[in-house]
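K.L.:
Contents of query_36.tsv (TSV, C-alpha atoms) are below:
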chain	number	residue	atom	x	y	z
O	1	MET	CA	29.93	29.26	3.95
O	2	CYS	CA	32.08	28.84	7.05
O	3	SER	CA	30.98	30.24	10.36
O	4	GLY	CA	33.02	33.21	11.56
O	5	SER	CA	34.85	31.19	14.21
O	6	ALA	CA	35.60	28.32	11.80
O	7	THR	CA	37.00	30.74	9.22
O	8	LEU	CA	39.08	32.51	11.86
O	9	LEU	CA	40.44	29.20	13.14
O	10	ALA	CA	41.29	27.97	9.65
O	11	SER	CA	42.94	31.22	8.62
O	12	SER	CA	44.92	31.35	11.88
O	13	ALA	CA	46.15	27.80	11.38
O	14	LEU	CA	47.12	28.62	7.80
O	15	CYS	CA	49.05	31.74	8.85
O	16	ILE	CA	50.92	29.75	11.50
O	17	ALA	CA	51.68	27.02	8.98
O	18	LEU	CA	53.02	29.47	6.42
O	19	TRP	CA	55.06	31.31	9.05
O	20	ALA	CA	56.50	28.02	10.33
O	21	GLY	CA	57.33	27.00	6.77
O	22	SER	CA	59.43	30.13	6.27
O	23	ALA	CA	61.62	29.50	9.33
O	24	PRO	CA	64.79	27.44	8.86
O	25	ALA	CA	64.39	23.98	10.35
O	26	GLN	CA	66.49	20.88	10.79
O	27	GLU	CA	63.57	18.55	10.13
O	28	GLN	CA	60.62	18.67	7.78
O	29	VAL	CA	57.52	19.67	9.74
O	30	ARG	CA	53.98	19.21	8.47
O	31	LEU	CA	51.24	21.36	9.92
O	32	VAL	CA	47.74	20.16	9.01
O	33	VAL	CA	45.72	23.16	7.93
O	34	GLN	CA	42.47	21.34	7.22
O	35	SER	CA	40.89	17.91	7.24
O	36	SER	CA	37.70	17.30	5.24
O	37	GLY	CA	35.64	14.77	3.40
O	38	LEU	CA	35.72	14.84	-0.40
O	39	ALA	CA	32.80	16.53	-2.17
O	40	GLY	CA	31.64	15.23	-5.56
O	41	PHE	CA	32.69	11.56	-5.23
O	42	ARG	CA	29.82	10.44	-7.49
O	43	TYR	CA	30.48	12.96	-10.25
O	44	HIS	CA	34.16	12.48	-10.99
O	45	ALA	CA	36.72	9.63	-11.22
O	46	ALA	CA	36.81	8.65	-7.52
O	47	ALA	CA	34.51	5.66	-7.98
O	48	HIS	CA	36.56	4.41	-10.95
O	49	VAL	CA	39.91	4.50	-9.14
O	50	TRP	CA	38.59	3.60	-5.66
O	51	SER	CA	40.35	0.21	-5.54
O	52	GLU	CA	43.73	1.84	-6.30
O	53	LEU	CA	43.58	4.60	-3.67
O	54	ARG	CA	45.62	4.24	-0.47
O	55	VAL	CA	45.84	6.22	2.75
O	56	GLY	CA	48.85	8.53	2.46
O	57	ASP	CA	48.57	8.96	-1.32
O	58	VAL	CA	49.43	12.46	-2.50
O	59	LEU	CA	46.62	14.55	-3.96
O	60	GLU	CA	47.00	17.59	-6.20
O	61	LEU	CA	45.12	20.75	-5.26
O	62	ALA	CA	44.00	22.92	-8.17
O	63	ARG	CA	42.30	26.28	-7.88
O	64	GLU	CA	39.30	26.69	-10.22
O	65	ALA	CA	38.55	30.41	-9.98
O	66	ASP	CA	36.39	30.26	-13.12
O	67	ASN	CA	34.16	27.45	-11.79
O	68	PRO	CA	30.57	28.56	-12.53
O	69	HIS	CA	29.17	26.82	-9.41
O	70	ASP	CA	31.65	28.06	-6.80
O	71	ALA	CA	34.04	31.02	-7.06
O	72	ASN	CA	36.25	29.45	-4.35
O	73	ALA	CA	36.40	25.99	-5.95
O	74	VAL	CA	39.49	23.87	-5.23
O	75	SER	CA	39.63	20.48	-6.94
O	76	LEU	CA	41.52	17.39	-5.78
O	77	SER	CA	43.16	14.98	-8.20
O	78	TRP	CA	45.04	11.70	-7.81
O	79	ARG	CA	47.52	10.72	-10.52
O	80	GLY	CA	45.77	12.92	-13.06
O	81	HIS	CA	42.24	11.74	-12.16
O	82	LYS	CA	39.94	14.39	-10.70
O	83	LEU	CA	38.38	12.88	-7.58
O	84	GLY	CA	36.22	15.82	-6.54
O	85	TYR	CA	36.43	19.06	-4.58
O	86	VAL	CA	37.16	20.59	-1.22
O	87	PRO	CA	33.65	21.07	0.22
O	88	ARG	CA	32.22	24.54	-0.35
O	89	ARG	CA	31.88	25.14	3.40
O	90	ASP	CA	35.65	24.53	3.81
O	91	ASN	CA	37.23	26.05	0.71
O	92	ALA	CA	37.35	29.84	1.22
O	93	VAL	CA	40.62	29.99	3.17
O	94	LEU	CA	42.31	27.44	0.90
O	95	ALA	CA	41.22	29.34	-2.21
O	96	TRP	CA	42.54	32.59	-0.75
O	97	SER	CA	45.85	30.96	0.14
O	98	LEU	CA	46.29	29.31	-3.27
O	99	ASP	CA	45.41	32.61	-4.98
O	100	ARG	CA	48.25	34.23	-2.97
O	101	GLY	CA	50.66	31.62	-4.31
O	102	ASP	CA	51.10	29.73	-1.04
O	103	VAL	CA	52.26	26.14	-1.47
O	104	LEU	CA	49.87	23.68	0.14
O	105	ARG	CA	49.91	19.91	-0.13
O	106	ALA	CA	47.17	17.31	0.31
O	107	ARG	CA	47.02	13.60	1.03
O	108	ILE	CA	44.39	10.93	1.62
O	109	SER	CA	43.95	10.51	5.36
O	110	ARG	CA	41.11	7.97	5.46
O	111	LEU	CA	39.26	5.61	3.13
O	112	THR	CA	35.97	4.03	4.20
O	113	SER	CA	33.46	1.90	2.31
O	114	HIS	CA	30.58	4.03	3.58
O	115	PRO	CA	27.12	4.04	1.93
O	116	ASN	CA	27.29	7.86	1.86
O	117	PRO	CA	29.78	8.80	-0.90
O	118	ALA	CA	30.63	12.07	0.89
O	119	ARG	CA	32.18	10.03	3.71
O	120	ARG	CA	34.30	7.60	1.67
O	121	ILE	CA	37.42	9.72	1.19
O	122	GLU	CA	38.87	12.08	3.77
O	123	PHE	CA	41.89	14.22	3.02
O	124	GLU	CA	44.26	16.54	4.84
O	125	VAL	CA	45.70	19.77	3.51
O	126	TYR	CA	49.00	20.74	5.05
O	127	ALA	CA	51.89	23.17	4.77
O	128	GLU	CA	55.49	22.05	5.02
Starting from the file, give its structure as C-alpha cells.

P.N.:
Amino acid sequence: MCSGSATLLASSALCIALWAGSAPAQEQVRLVVQSSGLAGFRYHAAAHVWSELRVGDVLELAREADNPHDANAVSLSWRGHKLGYVPRRDNAVLAWSLDRGDVLRARISRLTSHPNPARRIEFEVYAE
C-alpha cells in the first residue's frame, strides 16, 4: 500500500495531467504520472521477449479488477504479450483512474540486465 504522502502526490500529479489534457494545446504534451519497475517479470512473457524490447516501446495498460491476488491490479503488455504488473504499492491511483475511464499511456523507460528481475524493466505511465 502507498504511504499517505505518496498516494497524495500520485493523485495530485494525475489530476494535473488529466486537467492539462483537457485544455486545448498547440503541441502534444506528456505529463509523466508514474515511473516504476515491472512486477512479475519471472511469471509472464517478459523473459521470452526480452531481446526484442526497446526503450520507448509502447505498453498497454489493462485493468484487472477481478484479479484474485490484488483488487487494484493493472497489467502491462507489449505487442500482445503480458510482461507483468504495476507493483501493488504503486497501483491504487492508476486503478482508480482507469476505472473512471481516464486514458493513460505507458512506455518502457529503461531496460537493464540486472540479476534482480524486478529491476530489469522500468516503465512510465503518462497522460497526454

K.L.:
Find the residue from O:Val125, O:Val32, O:Val74, O:Ala65 that sits nearest to Leu104 in chain O; use only C-alpha atoms when measuring.

P.N.:
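Residue with the minimum atom-to-atom distance to Leu104 in chain O: O:Val125.
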
K.L.:
Could you name the residues that touch His44 in chain O at 8 Å or less, counting all atoms listed in the file, but leaving out those on the same chain fewer than 2 positions away, as JSON, numbers by chain?

P.N.:
{"O": [40, 41, 42, 46, 47, 82, 83, 84]}

K.L.:
Which residue gives the smallest distance to Leu38 in chain O among O:Gly101, O:Val86, O:Ala106, O:Asn116, with all atoms listed in the file counted?

P.N.:
O:Val86

K.L.:
State, in Å with one decimal place, the distance from CA of Arg107 in chain O to CA of Glu122 in chain O.

P.N.:
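Distance reported for this atom pair: 8.7 Å.
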
K.L.:
For a test of reading the model, state the distance in Å between CA of Leu94 in chain O and CA of Arg110 in chain O, rounded to one decimal.

P.N.:
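The value is 20.0 Å.
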
K.L.:
For Val49 in chain O, find every residue with an atom within 9 Å (counting all atoms listed in the file), except residues of its own chain fewer than 4 positions away, and show them as a list in words.

P.N.:
Ala45, Leu53, Trp78, His81 and Leu83 of chain O

K.L.:
Give me, please, the distance in Å between CA of Asp70 in chain O and CA of Trp96 in chain O, quoted to one decimal.

P.N.:
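We find that CA of Asp70 in chain O and CA of Trp96 in chain O lie 13.3 Å from each other.
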
K.L.:
Excluding Arg105 in chain O and its own-chain neighbours fewer than 5 positions away, which residues fall within 8 Å of it when counting only C-alpha atoms? Please give them as a list in words.

P.N.:
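These residues fall inside the cut-off: Val58, Leu59, Glu60, Leu61, Val125, Tyr126, Ala127 and Glu128 of chain O.
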
K.L.:
Which residue, O:Ser97, O:Arg30, O:Asp66, O:Tyr85, has the smallest gap to Tyr43 in chain O when you use all atoms listed in the file?

P.N.:
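Closest candidate: O:Tyr85.
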
K.L.:
For each of O:Ala73, O:Ile121, O:Leu31, O:Val55, take the minimum atom-to-atom distance to Ala95 in chain O, counting all atoms listed in the file, then give the residue where this is smallest.

P.N.:
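Checking each candidate against Ala95 in chain O, we get O:Ala73 as the closest.
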
K.L.:
Identify which of the residues O:Pro68, O:Gly80, O:Gly37, O:Pro87 lies closest to Glu124 in chain O, counting all atoms listed in the file when measuring atom-to-atom distances.

P.N.:
O:Gly37

K.L.:
Quick one: of O:Asn67, O:Asn72, O:Ser36, O:Ser77, who's nearest to Leu111 in chain O, counting all atoms listed in the file?

P.N.:
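Looking at the shortest contact to Leu111 in chain O, the residue is O:Ser36.
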